[in-house]
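Report on one structure; see the data block that follows.
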Amino acid sequence: MKELSLFEGPLDVEAIFNGWHEEYKNKNMGAFITFVGIVRDEDGIEGLSFDIYEPILNSWFDAWQAKAKTQNATILMAHSKGDVPLHKSSYIAAVLSPKRKVALALINDFVEDFKAKAPIWKYDIKGGKRIYADDRSTALPAAGLLA
Amino acid sequence: MKELSLFEGPLDVEAIFNGWHEEYKNKNMGAFITFVGIVRDEDGIEGLSFDIYEPILNSWFDAWQAKAKTQNATILMAHSKGDVPLHKSSYIAAVLSPKRKVALALINDFVEDFKAKAPIWKYDIKGGKRIYADDRSTALPAAGLLA
Amino acid sequence: MVKVEFLGPIGLEDIQIEAATLAELGVKLQEKEELKPWLANSAIAVNDTLVNDKNMTLKDGDKVSILPPVCGG
Amino acid sequence: MVKVEFLGPIGLEDIQIEAATLAELGVKLQEKEELKPWLANSAIAVNDTLVNDKNMTLKDGDKVSILPPVCGG
């Protein structure tokens with residue numbers, strides 16, 4: 001499986017986790033941390049929907065992977081495109097590392113940077129319509145350059 | 001499944017992860033983080049072995065669960081007793097929370113406190129013998145009271 | 001001519017436009033009323049690299065992407 | 001009489017011993033040469049609660065546990 005995988009619709013959490021575990025369990029990585037994001041039932045939404053700009057997502061991810069490698073760690077990520085219903089997963093991130101503290105620090109820093117920088121746009125689904133989640137979105141660095 | 005589960009020998013990582021995911025995926029917890037510890041092949045060991053003092057492990061865990069509940073989070077943990085061969089898991093911890101940042105902070109703090117305080121003793125297995133891992137062990141608070 | 005693409009929720013078709021620098025492109029895009037609020041909080045990529053220099057020169061065939069505020073996960 | 005149990009790698013059988021306080025128990029345990037290095041870095045629990053007051057009184061039937069340095073996971 002690729003280190004960064006995008007899927008149409010909700011993620012199959014168990015298949016992805018088990019696939020990553022199978023692939024890496026014999027690689028002498030002592031710590032394997034996964035973060036699973038699950039769509040919450042709130043504000044009367046029917047689900048979430050996502051657009052992704054893949055060229056910049058790929059380069060953002062590759063930069064993180066290079067940073068992880070300098071600490072002998074590996075980052076894995078899966079994300080949904082399109083619609084994801086309530087209680088299904090849209091995002092899974094993982095860190096493998098020989099060292100516990102490296103893995104714990106990386107999963108935190110990676111997930112927080114993902115939230116701030118990954119070129120992904122989120123929409124609430126209400127009444128079958130996509131409504132841009134502008135109140136939860138974060139402007140990228142250097143935003144407003146052409147304002 | 002109980003929130004704290006102890007198993008003889010290595011953990012079945014996929015069964016435990018999938019069981020937890022099944023049980024909690026519809027509970028409106030937006031973040032589900034798992035930490036899986038896997039026995040590394042190093043220093044010529046054949047595996048690790050563990051003794052656990054369950055009464056104090058239970059009260060330590062219950063105190064953490066109470067702390068997690070004040071943040072609407074839940075902690076789950078599985079640990080091995082006895083021998084665990086190379087590349088198998090001896091420890092899995094998980095945090096579920098409605099909030100990403102709560103989950104990321106809790107998994108870090110819980111795992112670090114586990115390492116420092118859980119009444120578990122680790123042995124390297126070499127030549128079929130158990131050798132206490134004193135160099136990696138941490139004295140508990142108030143150690144030396146009767147010295 | 002450069003190609004301008006409006007990502008995510010902006011919801012406009014790609015356009016081809018004449019502009020020698022990013023600043024010049026900015027002036028032309030500001031003429032479109034519906035774009036003003038997006039430009040205020042969008043980042044800019046040229047050929048899929050995020051940029052922060054408004055004086056950057058553009059050449060024929062460059063792709064300029066407008067990236068509004070993000071929220072993955 | 002209190003019961004003393006030596007956990008994990010200490011590897012000694014439980015003993016029954018007469019002691020009115022933790023301090024008194026400490027003096028008696030220090031008499032065993034093989035215990036000295038363990039007592040230097042072990043924590044103490046009375047009836048499965050970790051304690052830090054050497055003047056704590058013990059009563060008949062109390063269980064005192066000696067917990068050497070730990071390493072889970």
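Naming scheme: A, B, ... for chains in displayed order of the structure tokens; residues 1 onward per chain; ligands 1 onward as shown.
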- Message: With only C-alpha atoms considered, list every residue of chain B at most 8 Å from chain D, as a PyMOL selection string.
- Response: chain B and resi 37+50-53+55-56+79+90-91+114-122+132-134+136-147
Closest pair table for chain A residues within 6 Å of chain B, only C-alpha atoms, as a tab-separated table:
residue	atom	partner	partner_atom	distance
A:Asn26	CA	B:His87	CA	5.5
A:Asn28	CA	B:Arg40	CA	5.1
A:Gly30	CA	B:Ile38	CA	4.6
A:Ala31	CA	B:Gly37	CA	4.9
A:Phe32	CA	B:Val36	CA	5.0
A:Ile33	CA	B:Phe35	CA	4.4
A:Thr34	CA	B:Thr34	CA	5.3
A:Phe35	CA	B:Ile33	CA	4.4
A:Val36	CA	B:Phe32	CA	5.0
A:Gly37	CA	B:Ala31	CA	4.9
A:Ile38	CA	B:Gly30	CA	4.7
A:Arg40	CA	B:Asn28	CA	5.1
A:His87	CA	B:Asn26	CA	5.5
Item checked: Polymer residues at most 9 Å from Glu13 (chain C), only C-alpha atoms, same-chain spacing of 5 or more positions, as a list of chain:residue names ->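 Counting only C-alpha atoms, the residues come to C:Val4, C:Glu5, C:Phe6.
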Residue selection dump (N, CA and C atoms) as a tab-separated table (two decimals), in the first residue's frame:
chain	number	residue	atom	x	y	z
C	4	VAL	N	-5.46	30.11	-14.67
C	4	VAL	CA	-5.79	30.31	-13.26
C	4	VAL	C	-6.86	29.30	-12.87
C	5	GLU	N	-6.59	28.52	-11.79
C	5	GLU	CA	-7.63	27.59	-11.33
C	5	GLU	C	-8.04	27.93	-9.91
C	6	PHE	N	-9.33	27.84	-9.67
C	6	PHE	CA	-9.95	28.25	-8.41
C	6	PHE	C	-10.34	26.99	-7.65
| task | Apply DSSP to the structure's backbone, then extract all residues of region 5-135 of chain B labelled alpha helix (DSSP H) and return them as an MDAnalysis selection string. | result | chainID B and resid 13:24 54:69 100:117
Backbone DSSP call of strand (DSSP E or B) for chain B, listed as a PyMOL selection string: chain B and resi 4-8+11+31-38+47-52+74-85+89-97+120-126+129-132+138
Atom pair CA of Leu76 (chain A) + CA of Glu3 (chain A), distance 4.7 Å
Between CA of Asp62 (chain A) and CA of Ala78 (chain A) lies a distance of 13.9 Å
